[in-house]
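Trainee: Have a look at this one.
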Amino acid sequence: MNGGGFWGFHFLFTALCDTVIIKLQINPGYFLTPAEIKEVGDYMGEKDLTEKTLEDHNDVFSDIMNGFLFHGKEVVHQDELADISVHSQYKADDARMHELERDVVKYWKPGNVEVAVCGLENQTGIERNLPFRVIGYDGASYRAQLLKKRKRICPVITLVLYYGTDHRWNQPLSIKELMEIPDELDSYVNDYRIHVFDIAWLTEDQLRLFKSDFRVVANFFVKKREKGYVPDDQTEIQHVDEVLKLLSVMSGDDRYAQLLSDAERRPKNMCDVAERLEQRGIQKGIQKGIQEGLTEKGIRVYWNMIDRGFSPEDAQAVSELTDAEVQEAAEWRRRRKNNVDSAKR
């Protein structure tokens, strides 16, 4: 069977992301040429080349693989990893390019011999159809190897890191669980399983398996789930920018990324992070108090001028109140009058 015959089928899958639904349909027998892949990949991959995530760092990536696959034993070494493009492109029936993008993927090459393609996918929410999305990623990785006419096809491994803290992953882990298959066909339908790790439910013994910044991140989510997070982790963070960005994205709290605006006072560990957040909170509280005080003073000036016969325009100009604050001044006056009337009764 030739290559065109092997790929001569309709393949339809739905990838359900956080806010995007991607539907891909591969045109029977169509192959992208290496030149087409490079041309589109160069254009669409520019942003990713300039923004490195925590797991892009080989020390973190190898640590995650060793911790989850080899119980902390240093089997995968960081100098044995090579980056692979996270983009895969296909041309569908509408003659347009469609893109499939995964989070992080690398070749594992011990002794410069490619042994496996390893990928990581991050999840903040539970996604029922995730097995279909992962099989799409893995299938694209196999197809990319075939397009290169490799003599030896490497296995593809994908680990899903789930950062949710409300409850454990509770959706199907295989595609068969997501389909209603007649008994007569069951033995002919190949299954495909995914490997999901509940980060916020790692035990203390499991956390100790990790040696990179990933342990700091994992410990953060474990403590966050326990609702009693105490910033007592003094482990020095190696990749400060990437750790804080990951914490912001996965926790939905922008305050962590905002700490990066102070280039001269980057936190060294999570204790520093907590201290910086507290300082920023106090400073914001002071600024808010000052602003509220100035606004209240402006409101008093505004009404004193109105009571002395000045026009609303002149009163607003002198008190330096905004239009919204003038409306607030009217509400302030109304509340004050009601309080006075209540006291007279």
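Residue numbering restarts at 1 for every chain of the structure tokens, chains are lettered A, B, ... in their displayed order, and ligands are numbered from 1 as they appear.
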Fewer than 5 positions away in the same chain doesn't count, so skip those; otherwise give me all residues within 8 Å of A:Asp138, counting only C-alpha atoms, as a list of chain:residue names.
Mentor: A:Val156, A:Ile157, A:Thr158
Trainee: With all heavy atoms kept, could you save the residues just selected as an mmCIF file, in the first residue's frame?
Mentor:
```
data_model
loop_
_atom_site.group_PDB
_atom_site.id
_atom_site.type_symbol
_atom_site.label_atom_id
_atom_site.label_comp_id
_atom_site.auth_asym_id
_atom_site.auth_seq_id
_atom_site.Cartn_x
_atom_site.Cartn_y
_atom_site.Cartn_z
ATOM 1 N N VAL A 156 5.473 8.003 20.296
ATOM 2 C CA VAL A 156 5.066 9.325 20.775
ATOM 3 C C VAL A 156 4.394 9.172 22.133
ATOM 4 O O VAL A 156 3.479 8.359 22.298
ATOM 5 C CB VAL A 156 4.100 10.006 19.788
ATOM 6 C CG1 VAL A 156 3.685 11.382 20.310
ATOM 7 C CG2 VAL A 156 4.745 10.125 18.416
ATOM 8 N N ILE A 157 4.869 9.938 23.106
ATOM 9 C CA ILE A 157 4.335 9.891 24.471
ATOM 10 C C ILE A 157 3.822 11.279 24.840
ATOM 11 O O ILE A 157 4.540 12.267 24.672
ATOM 12 C CB ILE A 157 5.416 9.467 25.486
ATOM 13 C CG1 ILE A 157 5.981 8.095 25.129
ATOM 14 C CG2 ILE A 157 4.868 9.486 26.905
ATOM 15 C CD1 ILE A 157 7.219 7.749 25.921
ATOM 16 N N THR A 158 2.594 11.369 25.324
ATOM 17 C CA THR A 158 2.038 12.650 25.758
ATOM 18 C C THR A 158 1.563 12.543 27.205
ATOM 19 O O THR A 158 0.791 11.641 27.541
ATOM 20 C CB THR A 158 0.859 13.090 24.870
ATOM 21 O OG1 THR A 158 1.324 13.292 23.536
ATOM 22 C CG2 THR A 158 0.249 14.389 25.368
#
```
Trainee: Any idea what's packed within 12 Å of stretch 174-186 of chain A, counting only C-alpha atoms, ignoring anything in its chain fewer than 5 positions away? Could you give it as a PyMOL selection string?
Mentor: chain A and resi 13+127-136+191-196
Trainee: As a PyMOL selection string, which residues of stretch 41-218 of chain A does DSSP assign to helix (DSSP H, G or I)?
Mentor: chain A and resi 41-44+46-50+54-56+58-69+78-80+110-112+130-147+176-178+183-186+199-201+204-207+213-218
Trainee: Stretch 89-194 of chain A near stretch 57-61 of chain A within 9 Å: what's each residue's closest atom pair and its distance in Å to one decimal, counting only C-alpha atoms, ordered by chain then ascending residue number, as a tab-separated table?
Mentor:
```
residue	atom	partner	partner_atom	distance
A:Val104	CA	A:Phe61	CA	8.8
A:Lys106	CA	A:Phe61	CA	8.8
A:Leu120	CA	A:Phe61	CA	8.5
```
Trainee: Nearest to A:Met250: which of A:Ala329, A:Ile199, A:Val113, A:Val189 is it, counting only C-alpha atoms?
Mentor: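 When distances to A:Met250 are compared using only C-alpha atoms, the smallest one comes from A:Ile199.
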Trainee: I'd like the interatomic distance between atom CA of A:Asn219 and atom CA of A:Trp201, to a tenth of an Å.
Mentor: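 These two atoms are separated by 9.6 Å.
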Trainee: Please report the interatomic distance between atom CA of A:Leu202 and atom CA of A:Val222 in Å with one decimal.
Mentor: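 Distance between the two atoms: 6.8 Å.
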Trainee: Write out as a PDB file with all heavy atoms, in the first residue's frame which residues come within 7 Å of stretch 253-270 of chain A when counting only C-alpha atoms, dropping same-chain ones fewer than 6 positions away.
Mentor:
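Generated output (part-v7.pdb):
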```pdb
ATOM      1  N   PRO A 231       3.249  30.513  52.415  1.00  0.00           N
ATOM      2  CA  PRO A 231       4.423  30.662  51.551  1.00  0.00           C
ATOM      3  C   PRO A 231       5.731  30.417  52.303  1.00  0.00           C
ATOM      4  O   PRO A 231       6.471  31.347  52.620  1.00  0.00           O
ATOM      5  CB  PRO A 231       4.309  32.115  51.080  1.00  0.00           C
ATOM      6  CG  PRO A 231       3.588  32.815  52.181  1.00  0.00           C
ATOM      7  CD  PRO A 231       2.607  31.805  52.725  1.00  0.00           C
ATOM      8  N   ASP A 233       7.998  28.053  51.194  1.00  0.00           N
ATOM      9  CA  ASP A 233       8.915  27.367  50.291  1.00  0.00           C
ATOM     10  C   ASP A 233      10.056  28.312  49.927  1.00  0.00           C
ATOM     11  O   ASP A 233       9.882  29.278  49.186  1.00  0.00           O
ATOM     12  CB  ASP A 233       8.172  26.928  49.015  1.00  0.00           C
ATOM     13  CG  ASP A 233       9.014  25.993  48.148  1.00  0.00           C
ATOM     14  OD1 ASP A 233      10.230  25.906  48.393  1.00  0.00           O
ATOM     15  OD2 ASP A 233       8.458  25.370  47.237  1.00  0.00           O
ATOM     16  N   GLN A 234      11.249  28.030  50.456  1.00  0.00           N
ATOM     17  CA  GLN A 234      12.402  28.885  50.206  1.00  0.00           C
ATOM     18  C   GLN A 234      13.309  28.322  49.113  1.00  0.00           C
ATOM     19  O   GLN A 234      14.443  28.778  48.948  1.00  0.00           O
ATOM     20  CB  GLN A 234      13.195  29.084  51.494  1.00  0.00           C
ATOM     21  CG  GLN A 234      12.393  29.803  52.575  1.00  0.00           C
ATOM     22  CD  GLN A 234      13.237  30.185  53.771  1.00  0.00           C
ATOM     23  OE1 GLN A 234      14.450  30.205  53.702  1.00  0.00           O
ATOM     24  NE2 GLN A 234      12.589  30.511  54.875  1.00  0.00           N
ATOM     25  N   THR A 235      12.806  27.344  48.357  1.00  0.00           N
ATOM     26  CA  THR A 235      13.573  26.805  47.236  1.00  0.00           C
ATOM     27  C   THR A 235      13.828  27.919  46.219  1.00  0.00           C
ATOM     28  O   THR A 235      12.908  28.605  45.793  1.00  0.00           O
ATOM     29  CB  THR A 235      12.795  25.665  46.541  1.00  0.00           C
ATOM     30  OG1 THR A 235      12.484  24.658  47.509  1.00  0.00           O
ATOM     31  CG2 THR A 235      13.625  25.062  45.419  1.00  0.00           C
ATOM     32  N   GLU A 236      15.079  28.097  45.828  1.00  0.00           N
ATOM     33  CA  GLU A 236      15.411  29.160  44.882  1.00  0.00           C
ATOM     34  C   GLU A 236      14.863  28.826  43.503  1.00  0.00           C
ATOM     35  O   GLU A 236      15.084  27.734  42.976  1.00  0.00           O
ATOM     36  CB  GLU A 236      16.918  29.364  44.801  1.00  0.00           C
ATOM     37  CG  GLU A 236      17.309  30.529  43.905  1.00  0.00           C
ATOM     38  CD  GLU A 236      18.801  30.832  43.937  1.00  0.00           C
ATOM     39  OE1 GLU A 236      19.521  30.175  44.727  1.00  0.00           O
ATOM     40  OE2 GLU A 236      19.246  31.718  43.183  1.00  0.00           O
ATOM     41  N   ILE A 237      14.144  29.774  42.929  1.00  0.00           N
ATOM     42  CA  ILE A 237      13.548  29.596  41.610  1.00  0.00           C
ATOM     43  C   ILE A 237      14.583  29.934  40.542  1.00  0.00           C
ATOM     44  O   ILE A 237      15.193  31.010  40.571  1.00  0.00           O
ATOM     45  CB  ILE A 237      12.299  30.488  41.444  1.00  0.00           C
ATOM     46  CG1 ILE A 237      11.260  30.143  42.524  1.00  0.00           C
ATOM     47  CG2 ILE A 237      11.695  30.329  40.055  1.00  0.00           C
ATOM     48  CD1 ILE A 237      10.071  31.081  42.535  1.00  0.00           C
ATOM     49  N   ASP A 241      10.774  34.323  35.587  1.00  0.00           N
ATOM     50  CA  ASP A 241       9.745  34.825  34.664  1.00  0.00           C
ATOM     51  C   ASP A 241       8.747  33.733  34.292  1.00  0.00           C
ATOM     52  O   ASP A 241       7.526  33.934  34.352  1.00  0.00           O
ATOM     53  CB  ASP A 241      10.396  35.364  33.390  1.00  0.00           C
ATOM     54  CG  ASP A 241      11.083  36.701  33.609  1.00  0.00           C
ATOM     55  OD1 ASP A 241      11.620  36.904  34.718  1.00  0.00           O
ATOM     56  OD2 ASP A 241      11.082  37.526  32.690  1.00  0.00           O
ATOM     57  N   LEU A 244       6.413  32.519  37.267  1.00  0.00           N
ATOM     58  CA  LEU A 244       5.350  33.470  37.605  1.00  0.00           C
ATOM     59  C   LEU A 244       4.289  33.546  36.512  1.00  0.00           C
ATOM     60  O   LEU A 244       3.098  33.677  36.797  1.00  0.00           O
ATOM     61  CB  LEU A 244       5.954  34.851  37.865  1.00  0.00           C
ATOM     62  CG  LEU A 244       6.846  34.951  39.107  1.00  0.00           C
ATOM     63  CD1 LEU A 244       7.383  36.359  39.270  1.00  0.00           C
ATOM     64  CD2 LEU A 244       6.092  34.538  40.366  1.00  0.00           C
ATOM     65  N   LYS A 245       4.719  33.456  35.244  1.00  0.00           N
ATOM     66  CA  LYS A 245       3.743  33.455  34.153  1.00  0.00           C
ATOM     67  C   LYS A 245       2.878  32.197  34.197  1.00  0.00           C
ATOM     68  O   LYS A 245       1.662  32.258  33.977  1.00  0.00           O
ATOM     69  CB  LYS A 245       4.463  33.543  32.809  1.00  0.00           C
ATOM     70  CG  LYS A 245       5.064  34.913  32.527  1.00  0.00           C
ATOM     71  CD  LYS A 245       5.846  34.907  31.225  1.00  0.00           C
ATOM     72  CE  LYS A 245       6.486  36.265  30.954  1.00  0.00           C
ATOM     73  NZ  LYS A 245       7.324  36.255  29.735  1.00  0.00           N
ATOM     74  N   LEU A 247       2.166  30.379  36.872  1.00  0.00           N
ATOM     75  CA  LEU A 247       1.262  30.493  38.019  1.00  0.00           C
ATOM     76  C   LEU A 247       0.083  31.406  37.680  1.00  0.00           C
ATOM     77  O   LEU A 247      -1.059  31.125  38.061  1.00  0.00           O
ATOM     78  CB  LEU A 247       2.008  31.037  39.238  1.00  0.00           C
ATOM     79  CG  LEU A 247       3.061  30.115  39.866  1.00  0.00           C
ATOM     80  CD1 LEU A 247       3.670  30.778  41.087  1.00  0.00           C
ATOM     81  CD2 LEU A 247       2.461  28.772  40.243  1.00  0.00           C
TER      82      LEU A 247
END
```
Trainee: Could you give me, as a list in words, the residues within 8 Å of A:Leu209, counting only C-alpha atoms and dropping anything in the same chain fewer than 4 positions from it?
Mentor: Gly67, His71, Gly72 and Asp205 of chain A
Trainee: Store the residues picked out above in a file with all heavy atoms, as a PDB file, in the first residue's frame.
Mentor:
```
ATOM      1  N   GLY A  67      10.136  12.407  36.851  1.00  0.00           N
ATOM      2  CA  GLY A  67       9.293  12.305  38.035  1.00  0.00           C
ATOM      3  C   GLY A  67       8.074  11.432  37.815  1.00  0.00           C
ATOM      4  O   GLY A  67       7.734  10.593  38.667  1.00  0.00           O
ATOM      5  N   HIS A  71       9.736   7.551  38.334  1.00  0.00           N
ATOM      6  CA  HIS A  71       9.713   7.669  39.802  1.00  0.00           C
ATOM      7  C   HIS A  71      10.899   8.455  40.341  1.00  0.00           C
ATOM      8  O   HIS A  71      11.457   8.134  41.396  1.00  0.00           O
ATOM      9  CB  HIS A  71       9.668   6.276  40.444  1.00  0.00           C
ATOM     10  CG  HIS A  71       8.562   5.410  39.935  1.00  0.00           C
ATOM     11  ND1 HIS A  71       7.238   5.639  40.240  1.00  0.00           N
ATOM     12  CD2 HIS A  71       8.574   4.324  39.095  1.00  0.00           C
ATOM     13  CE1 HIS A  71       6.479   4.730  39.629  1.00  0.00           C
ATOM     14  NE2 HIS A  71       7.266   3.932  38.927  1.00  0.00           N
ATOM     15  N   GLY A  72      11.294   9.499  39.625  1.00  0.00           N
ATOM     16  CA  GLY A  72      12.351  10.376  40.099  1.00  0.00           C
ATOM     17  C   GLY A  72      13.749   9.975  39.687  1.00  0.00           C
ATOM     18  O   GLY A  72      14.697  10.746  39.875  1.00  0.00           O
ATOM     19  N   ASP A 205       5.657  12.755  49.237  1.00  0.00           N
ATOM     20  CA  ASP A 205       6.667  11.853  48.670  1.00  0.00           C
ATOM     21  C   ASP A 205       6.795  12.055  47.163  1.00  0.00           C
ATOM     22  O   ASP A 205       7.906  12.017  46.615  1.00  0.00           O
ATOM     23  CB  ASP A 205       6.311  10.394  48.961  1.00  0.00           C
ATOM     24  CG  ASP A 205       6.524  10.034  50.429  1.00  0.00           C
ATOM     25  OD1 ASP A 205       7.280  10.760  51.120  1.00  0.00           O
ATOM     26  OD2 ASP A 205       5.920   9.036  50.879  1.00  0.00           O
TER      27      ASP A 205
END
```
Trainee: What is the atom CA of A:Asp103 to atom CA of A:Val76 distance in Å?
Mentor: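 Result for atom CA of A:Asp103 versus atom CA of A:Val76: 19.3 Å, one decimal.
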Trainee: Run DSSP on the backbone and give me the residues of stretch 35-278 of chain A it puts in strand (DSSP E), as JSON, numbers by chain.
Mentor: {"A": [81, 82, 83, 87, 88, 89, 90, 91, 97, 98, 99, 100, 101, 104, 105, 106, 107, 108, 116, 117, 118, 119, 120, 121, 122, 123, 156, 157, 158, 159, 160, 161, 162, 195, 196, 197, 198]}
Trainee: Store the residues of this selection in a file with C-alpha atoms, as a PDB file, in the first residue's frame.
Mentor:
```pdb
ATOM      1  CA  LEU A  81      16.382  16.721  24.545  1.00  0.00           C
ATOM      2  CA  ALA A  82      15.843  18.535  21.248  1.00  0.00           C
ATOM      3  CA  ASP A  83      13.011  20.922  20.422  1.00  0.00           C
ATOM      4  CA  HIS A  87       2.744  23.375  15.057  1.00  0.00           C
ATOM      5  CA  SER A  88       1.288  20.886  12.584  1.00  0.00           C
ATOM      6  CA  GLN A  89      -0.478  22.115   9.473  1.00  0.00           C
ATOM      7  CA  TYR A  90      -3.060  20.445   7.259  1.00  0.00           C
ATOM      8  CA  LYS A  91      -4.937  21.540   4.138  1.00  0.00           C
ATOM      9  CA  MET A  97      -4.443  25.828   6.078  1.00  0.00           C
ATOM     10  CA  HIS A  98      -5.570  24.529   9.463  1.00  0.00           C
ATOM     11  CA  GLU A  99      -3.232  24.352  12.388  1.00  0.00           C
ATOM     12  CA  LEU A 100      -2.896  21.959  15.286  1.00  0.00           C
ATOM     13  CA  GLU A 101      -0.748  23.282  18.115  1.00  0.00           C
ATOM     14  CA  VAL A 104       5.518  21.483  24.422  1.00  0.00           C
ATOM     15  CA  VAL A 105       7.073  18.599  22.466  1.00  0.00           C
ATOM     16  CA  LYS A 106      10.669  17.380  22.262  1.00  0.00           C
ATOM     17  CA  TYR A 107      12.769  14.552  20.888  1.00  0.00           C
ATOM     18  CA  TRP A 108      14.492  12.386  23.484  1.00  0.00           C
ATOM     19  CA  ALA A 116      10.914   8.916  21.537  1.00  0.00           C
ATOM     20  CA  VAL A 117       8.827  12.022  20.893  1.00  0.00           C
ATOM     21  CA  CYS A 118       7.657  13.392  24.244  1.00  0.00           C
ATOM     22  CA  GLY A 119       4.903  15.967  24.645  1.00  0.00           C
ATOM     23  CA  LEU A 120       3.321  17.855  27.551  1.00  0.00           C
ATOM     24  CA  GLU A 121      -0.184  19.314  27.638  1.00  0.00           C
ATOM     25  CA  ASN A 122      -1.379  21.659  30.401  1.00  0.00           C
ATOM     26  CA  GLN A 123      -5.009  21.693  31.546  1.00  0.00           C
ATOM     27  CA  VAL A 156       5.066   9.325  20.775  1.00  0.00           C
ATOM     28  CA  ILE A 157       4.335   9.891  24.471  1.00  0.00           C
ATOM     29  CA  THR A 158       2.038  12.650  25.758  1.00  0.00           C
ATOM     30  CA  LEU A 159       1.593  13.533  29.432  1.00  0.00           C
ATOM     31  CA  VAL A 160      -1.335  15.725  30.485  1.00  0.00           C
ATOM     32  CA  LEU A 161      -0.698  17.926  33.528  1.00  0.00           C
ATOM     33  CA  TYR A 162      -4.000  18.890  35.162  1.00  0.00           C
ATOM     34  CA  HIS A 195      -2.153   9.828  30.784  1.00  0.00           C
ATOM     35  CA  VAL A 196      -3.435  12.549  33.117  1.00  0.00           C
ATOM     36  CA  PHE A 197      -1.612  13.604  36.292  1.00  0.00           C
ATOM     37  CA  ASP A 198      -3.500  15.522  38.990  1.00  0.00           C
TER      38      ASP A 198
END
```
Trainee: For each of A:Ala140, A:Glu204, A:Asp56, A:Val115, take the minimum atom-to-atom distance to A:Ile153, counting only C-alpha atoms, then give the residue where this is smallest.
Mentor: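 Ranking A:Ala140, A:Glu204, A:Asp56, A:Val115 by distance to A:Ile153, first place goes to A:Val115.
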